Each structure stands twice: as structure tokens, then as C-alpha cells.
Amino acid sequence: MQKFKKIVFWCLVGFAIIQFIPTDKVNKPVDQRKNFIKVENAPTEVVTLLKNACYDCHSDETVYPKYAYVAPFSWSIKSHVNDGRKYLNFSIWETYNKDLKHKMLTRAIEMVDNKMMPMPAYIIYHEKANLSTNERKLLNVYFQEVLDSKKY
């Protein structure tokens, strides 16, 4: 029993210490002239879907939940946000060239259609991100319209 108490004690000490390892959760300022929803003049329904299901990981408008301030969860969340922004950042949409925009929208359609996005783990904690079949279709139809109209 004494050994178990020592293990628990040192685990708690370790957990307390890792809380001092910072993760940067400061969003860069967003220039609306470069933001996808403004550039592409997205309809209100699409804006709502994007904000609820995509923008936390794929923009510089991340809203971090309270649990994102507790290590080691903070590290995992920040890693997911960094990866999401690396693959597609809606906040800097206008900075991408046509080929990249085409690839990103084509990939977004595929990921949304195959229910790979939003990530299932994200949906567990963000109910609004759990897109219905109709919402997924709406988002993909809009992405396809943007592809077709802009000749990306």
C-alpha cells in the first residue's frame, strides 16, 4: 500500500509540473479580405456550418475549450489545430494559389463526404460539429459551386 501511495504521489507531482509547460493559444489577427467566408461570399447557412465544424482547427479563429488549458490535453489539441491549419487555413484563403485552392476544396469535399471531417473525437465534445447528412451535402455542394465558379 505504501508503494501505491508513492506512485500516486509522484504521478500527481508530475501532472502538476506539466501544467507549467506552455502551449501557445493566441490566434493571429484575421484579415477579413483574405478569409474564405468573405472572399467566397458564403451564405449564412454555410458560414454557420464552417464556424461550428471547421474553423476551430482550420482557421486563425480557434475557440479553445476550457479543457484545452490542461496538459497533456492542451498539447494534443494544439497539435491538431496546427495540423489543421497546415492543411487548410480558411483565414488565409486568399493567399493560396488556384491549384492549392482546387486541391484543398476537392480534399475538403472528400473528407466531409466520407465523414473523416470533422474528426470523430472533435464531435464528441462539440455537438454542433456533428453534421447531419443534409448539412454535409450543403457544405459539399457549396464547395463544388466555388470550385466550378472560380475555375480553381
# chains A, B, ... in the order shown; residues from 1 in each chain; ligands from 1
>>> residues_around(residues="Lys28 (chain A)", least_positions_apart="3", cutoff="10 Å", atoms="only C-alpha atoms", output="PyMOL selection string")
chain A and resi 25+31+59-62+91
>>> residues_around(residues="region 95-99 of chain A", least_positions_apart="2", cutoff="9 Å", atoms="only C-alpha atoms", output="mmCIF file with N, CA, C and O atoms, in the first residue's frame")
data_model
loop_
_atom_site.group_PDB
_atom_site.id
_atom_site.type_symbol
_atom_site.label_atom_id
_atom_site.label_comp_id
_atom_site.auth_asym_id
_atom_site.auth_seq_id
_atom_site.Cartn_x
_atom_site.Cartn_y
_atom_site.Cartn_z
ATOM 1 N N LYS A 34 -8.985 38.267 -46.639
ATOM 2 C CA LYS A 34 -8.365 37.003 -47.040
ATOM 3 C C LYS A 34 -9.166 35.794 -46.562
ATOM 4 O O LYS A 34 -8.872 34.666 -46.934
ATOM 5 N N ILE A 92 -6.623 32.441 -44.255
ATOM 6 C CA ILE A 92 -5.661 32.979 -45.230
ATOM 7 C C ILE A 92 -5.971 32.467 -46.644
ATOM 8 O O ILE A 92 -5.098 32.354 -47.488
ATOM 9 N N TRP A 93 -7.218 32.175 -46.878
ATOM 10 C CA TRP A 93 -7.675 31.599 -48.147
ATOM 11 C C TRP A 93 -7.156 32.366 -49.356
ATOM 12 O O TRP A 93 -6.695 31.781 -50.337
ATOM 13 N N LYS A 101 -5.936 25.983 -53.961
ATOM 14 C CA LYS A 101 -7.354 26.124 -53.619
ATOM 15 C C LYS A 101 -8.157 24.948 -54.171
ATOM 16 O O LYS A 101 -9.030 24.394 -53.493
ATOM 17 N N HIS A 102 -7.851 24.562 -55.392
ATOM 18 C CA HIS A 102 -8.542 23.427 -56.007
ATOM 19 C C HIS A 102 -8.302 22.157 -55.200
ATOM 20 O O HIS A 102 -9.249 21.419 -54.883
ATOM 21 N N LYS A 103 -7.049 21.898 -54.853
ATOM 22 C CA LYS A 103 -6.719 20.698 -54.078
ATOM 23 C C LYS A 103 -7.408 20.721 -52.721
ATOM 24 O O LYS A 103 -7.931 19.703 -52.261
ATOM 25 N N MET A 104 -7.403 21.872 -52.070
ATOM 26 C CA MET A 104 -7.992 21.978 -50.731
ATOM 27 C C MET A 104 -9.503 21.756 -50.760
ATOM 28 O O MET A 104 -10.041 21.044 -49.913
ATOM 29 N N LYS A 150 -15.141 29.539 -59.795
ATOM 30 C CA LYS A 150 -13.830 30.194 -59.802
ATOM 31 C C LYS A 150 -12.842 29.516 -60.747
ATOM 32 O O LYS A 150 -11.736 29.995 -60.930
ATOM 33 N N LYS A 151 -13.242 28.377 -61.277
ATOM 34 C CA LYS A 151 -12.370 27.600 -62.159
ATOM 35 C C LYS A 151 -11.048 27.285 -61.468
ATOM 36 O O LYS A 151 -9.983 27.435 -62.044
ATOM 37 N N TYR A 152 -11.151 26.898 -60.203
ATOM 38 C CA TYR A 152 -9.948 26.504 -59.443
ATOM 39 C C TYR A 152 -9.492 25.155 -59.916
ATOM 40 O O TYR A 152 -10.101 24.215 -60.044
#
>>> atom_distance(atom1="CA of Ala53 (chain A)", atom2="CA of Phe143 (chain A)")
14.5 Å
>>> residues_around(residues="Tyr142 (chain A)", least_positions_apart="5", cutoff="10 Å", atoms="only C-alpha atoms", output="list in words")
Glu40, Ala42, Pro43, Val46, Leu105, Ile109, Arg136, Lys137, Leu147 and Asp148 of chain A
>>> write_last_selection(atoms="N, CA, C and O atoms", output="short mmCIF file (atom, residue, chain, number, x, y, z; two decimals), in the first residue's frame")
data_model
loop_
_atom_site.label_atom_id
_atom_site.label_comp_id
_atom_site.auth_asym_id
_atom_site.auth_seq_id
_atom_site.Cartn_x
_atom_site.Cartn_y
_atom_site.Cartn_z
N GLU A 40 -15.32 34.31 -50.63
CA GLU A 40 -16.23 33.50 -51.43
C GLU A 40 -17.69 33.85 -51.18
O GLU A 40 -18.58 33.19 -51.71
N ALA A 42 -19.77 33.47 -48.72
CA ALA A 42 -20.50 32.27 -48.28
C ALA A 42 -21.87 32.65 -47.70
O ALA A 42 -21.98 33.61 -46.95
N PRO A 43 -22.90 31.87 -48.04
CA PRO A 43 -24.22 32.12 -47.47
C PRO A 43 -24.22 31.82 -45.96
O PRO A 43 -23.38 31.08 -45.45
N VAL A 46 -23.91 28.25 -44.66
CA VAL A 46 -22.57 27.69 -44.84
C VAL A 46 -21.62 28.28 -43.81
O VAL A 46 -20.80 27.56 -43.22
N LEU A 105 -10.18 22.37 -51.71
CA LEU A 105 -11.63 22.20 -51.79
C LEU A 105 -12.00 20.78 -52.20
O LEU A 105 -12.95 20.20 -51.66
N ILE A 109 -14.17 18.30 -49.80
CA ILE A 109 -15.37 17.59 -50.23
C ILE A 109 -15.25 16.10 -49.90
O ILE A 109 -16.17 15.50 -49.35
N ARG A 136 -23.85 18.06 -44.43
CA ARG A 136 -22.66 17.66 -45.18
C ARG A 136 -22.87 17.90 -46.68
O ARG A 136 -21.99 18.40 -47.37
N LYS A 137 -24.06 17.57 -47.14
CA LYS A 137 -24.36 17.77 -48.56
C LYS A 137 -24.35 19.26 -48.90
O LYS A 137 -23.78 19.66 -49.92
N LEU A 147 -15.68 25.76 -56.50
CA LEU A 147 -14.73 25.17 -57.46
C LEU A 147 -15.15 25.49 -58.89
O LEU A 147 -14.31 25.90 -59.71
N ASP A 148 -16.41 25.28 -59.18
CA ASP A 148 -16.90 25.48 -60.56
C ASP A 148 -16.90 26.96 -60.97
O ASP A 148 -16.52 27.30 -62.09
#
>>> closest_residue(among="A:Glu127, A:Glu145, A:Ser132, A:Ile18", to="Lys115 (chain A)", atoms="only C-alpha atoms")
A:Ser132
>>> select_by_dssp(residues="region 5-143 of chain A", states="helix (DSSP H, G or I)", output="ChimeraX atom specification")
/A:5-18,36-39,44-53,66-69,73-87,90-95,98-113,120-125,127-129,133-143
>>> write_last_selection(atoms="C-alpha atoms", output="PDB file, in the first residue's frame")
ATOM      1  CA  LYS A   5       0.762   5.867  -2.354  1.00  0.00           C
ATOM      2  CA  LYS A   6       4.233   6.846  -3.560  1.00  0.00           C
ATOM      3  CA  ILE A   7       3.285   6.087  -7.160  1.00  0.00           C
ATOM      4  CA  VAL A   8       0.096   8.160  -6.868  1.00  0.00           C
ATOM      5  CA  PHE A   9       2.011  10.994  -5.182  1.00  0.00           C
ATOM      6  CA  TRP A  10       4.659  11.144  -7.915  1.00  0.00           C
ATOM      7  CA  CYS A  11       2.034  10.916 -10.634  1.00  0.00           C
ATOM      8  CA  LEU A  12       0.243  13.903  -9.094  1.00  0.00           C
ATOM      9  CA  VAL A  13       3.521  15.810  -8.803  1.00  0.00           C
ATOM     10  CA  GLY A  14       4.282  15.038 -12.444  1.00  0.00           C
ATOM     11  CA  PHE A  15       0.816  16.130 -13.505  1.00  0.00           C
ATOM     12  CA  ALA A  16       1.227  19.390 -11.587  1.00  0.00           C
ATOM     13  CA  ILE A  17       4.635  20.065 -13.118  1.00  0.00           C
ATOM     14  CA  ILE A  18       3.497  19.543 -16.714  1.00  0.00           C
ATOM     15  CA  PHE A  36     -12.762  32.254 -47.082  1.00  0.00           C
ATOM     16  CA  ILE A  37     -16.262  33.173 -45.929  1.00  0.00           C
ATOM     17  CA  LYS A  38     -15.799  36.795 -47.051  1.00  0.00           C
ATOM     18  CA  VAL A  39     -13.793  36.136 -50.218  1.00  0.00           C
ATOM     19  CA  THR A  44     -25.256  32.323 -43.814  1.00  0.00           C
ATOM     20  CA  GLU A  45     -26.022  28.593 -43.529  1.00  0.00           C
ATOM     21  CA  VAL A  46     -22.571  27.689 -44.842  1.00  0.00           C
ATOM     22  CA  VAL A  47     -20.888  30.227 -42.550  1.00  0.00           C
ATOM     23  CA  THR A  48     -22.637  28.641 -39.566  1.00  0.00           C
ATOM     24  CA  LEU A  49     -21.541  25.145 -40.586  1.00  0.00           C
ATOM     25  CA  LEU A  50     -17.961  26.243 -41.197  1.00  0.00           C
ATOM     26  CA  LYS A  51     -17.762  28.087 -37.872  1.00  0.00           C
ATOM     27  CA  ASN A  52     -19.299  25.165 -35.953  1.00  0.00           C
ATOM     28  CA  ALA A  53     -17.482  22.294 -37.614  1.00  0.00           C
ATOM     29  CA  LYS A  66     -11.621  25.009 -21.032  1.00  0.00           C
ATOM     30  CA  TYR A  67     -10.047  21.561 -21.159  1.00  0.00           C
ATOM     31  CA  ALA A  68      -7.545  22.885 -23.726  1.00  0.00           C
ATOM     32  CA  TYR A  69      -5.753  24.614 -20.860  1.00  0.00           C
ATOM     33  CA  PHE A  73      -4.825  17.637 -23.388  1.00  0.00           C
ATOM     34  CA  SER A  74      -3.554  21.095 -24.341  1.00  0.00           C
ATOM     35  CA  TRP A  75      -0.644  19.552 -26.242  1.00  0.00           C
ATOM     36  CA  SER A  76      -2.870  17.232 -28.229  1.00  0.00           C
ATOM     37  CA  ILE A  77      -5.375  19.958 -29.058  1.00  0.00           C
ATOM     38  CA  LYS A  78      -2.676  22.403 -30.134  1.00  0.00           C
ATOM     39  CA  SER A  79      -1.113  19.714 -32.306  1.00  0.00           C
ATOM     40  CA  HIS A  80      -4.473  19.060 -34.012  1.00  0.00           C
ATOM     41  CA  VAL A  81      -5.021  22.791 -34.572  1.00  0.00           C
ATOM     42  CA  ASN A  82      -1.523  23.213 -36.025  1.00  0.00           C
ATOM     43  CA  ASP A  83      -2.058  20.235 -38.341  1.00  0.00           C
ATOM     44  CA  GLY A  84      -5.473  21.502 -39.407  1.00  0.00           C
ATOM     45  CA  ARG A  85      -4.112  24.929 -40.244  1.00  0.00           C
ATOM     46  CA  LYS A  86      -1.230  23.362 -42.145  1.00  0.00           C
ATOM     47  CA  TYR A  87      -3.596  21.508 -44.476  1.00  0.00           C
ATOM     48  CA  PHE A  90      -9.675  29.414 -44.117  1.00  0.00           C
ATOM     49  CA  SER A  91      -8.362  32.651 -42.568  1.00  0.00           C
ATOM     50  CA  ILE A  92      -5.661  32.979 -45.230  1.00  0.00           C
ATOM     51  CA  TRP A  93      -7.675  31.599 -48.147  1.00  0.00           C
ATOM     52  CA  GLU A  94      -6.863  34.476 -50.474  1.00  0.00           C
ATOM     53  CA  THR A  95      -3.115  33.835 -50.104  1.00  0.00           C
ATOM     54  CA  LYS A  98      -5.518  28.462 -57.710  1.00  0.00           C
ATOM     55  CA  ASP A  99      -4.013  24.968 -57.758  1.00  0.00           C
ATOM     56  CA  LEU A 100      -3.789  24.841 -53.989  1.00  0.00           C
ATOM     57  CA  LYS A 101      -7.354  26.124 -53.619  1.00  0.00           C
ATOM     58  CA  HIS A 102      -8.542  23.427 -56.007  1.00  0.00           C
ATOM     59  CA  LYS A 103      -6.719  20.698 -54.078  1.00  0.00           C
ATOM     60  CA  MET A 104      -7.992  21.978 -50.731  1.00  0.00           C
ATOM     61  CA  LEU A 105     -11.633  22.201 -51.788  1.00  0.00           C
ATOM     62  CA  THR A 106     -11.513  18.846 -53.561  1.00  0.00           C
ATOM     63  CA  ARG A 107      -9.975  17.264 -50.472  1.00  0.00           C
ATOM     64  CA  ALA A 108     -12.497  19.017 -48.195  1.00  0.00           C
ATOM     65  CA  ILE A 109     -15.375  17.589 -50.233  1.00  0.00           C
ATOM     66  CA  GLU A 110     -13.884  14.110 -49.957  1.00  0.00           C
ATOM     67  CA  MET A 111     -13.212  14.392 -46.217  1.00  0.00           C
ATOM     68  CA  VAL A 112     -16.677  15.752 -45.395  1.00  0.00           C
ATOM     69  CA  ASP A 113     -18.396  13.230 -47.663  1.00  0.00           C
ATOM     70  CA  PRO A 120     -14.936  11.974 -34.616  1.00  0.00           C
ATOM     71  CA  ALA A 121     -13.013  12.885 -31.446  1.00  0.00           C
ATOM     72  CA  TYR A 122     -13.838  16.556 -32.035  1.00  0.00           C
ATOM     73  CA  ILE A 123     -17.535  15.799 -32.490  1.00  0.00           C
ATOM     74  CA  ILE A 124     -17.695  14.100 -29.091  1.00  0.00           C
ATOM     75  CA  TYR A 125     -17.003  17.412 -27.334  1.00  0.00           C
ATOM     76  CA  GLU A 127     -22.129  18.705 -30.610  1.00  0.00           C
ATOM     77  CA  LYS A 128     -22.681  21.471 -33.172  1.00  0.00           C
ATOM     78  CA  ALA A 129     -19.900  19.965 -35.282  1.00  0.00           C
ATOM     79  CA  THR A 133     -26.241  14.183 -43.904  1.00  0.00           C
ATOM     80  CA  ASN A 134     -28.063  17.244 -45.265  1.00  0.00           C
ATOM     81  CA  GLU A 135     -25.539  19.637 -43.686  1.00  0.00           C
ATOM     82  CA  ARG A 136     -22.665  17.657 -45.181  1.00  0.00           C
ATOM     83  CA  LYS A 137     -24.363  17.769 -48.558  1.00  0.00           C
ATOM     84  CA  LEU A 138     -24.964  21.531 -48.266  1.00  0.00           C
ATOM     85  CA  LEU A 139     -21.323  22.145 -47.420  1.00  0.00           C
ATOM     86  CA  ASN A 140     -20.084  19.959 -50.247  1.00  0.00           C
ATOM     87  CA  VAL A 141     -22.473  21.471 -52.790  1.00  0.00           C
ATOM     88  CA  TYR A 142     -21.202  24.902 -51.788  1.00  0.00           C
ATOM     89  CA  PHE A 143     -17.542  23.814 -52.051  1.00  0.00           C
TER      90      PHE A 143
END
>>> atom_distance(atom1="CA of Gln144 (chain A)", atom2="CA of Met116 (chain A)")
17.8 Å
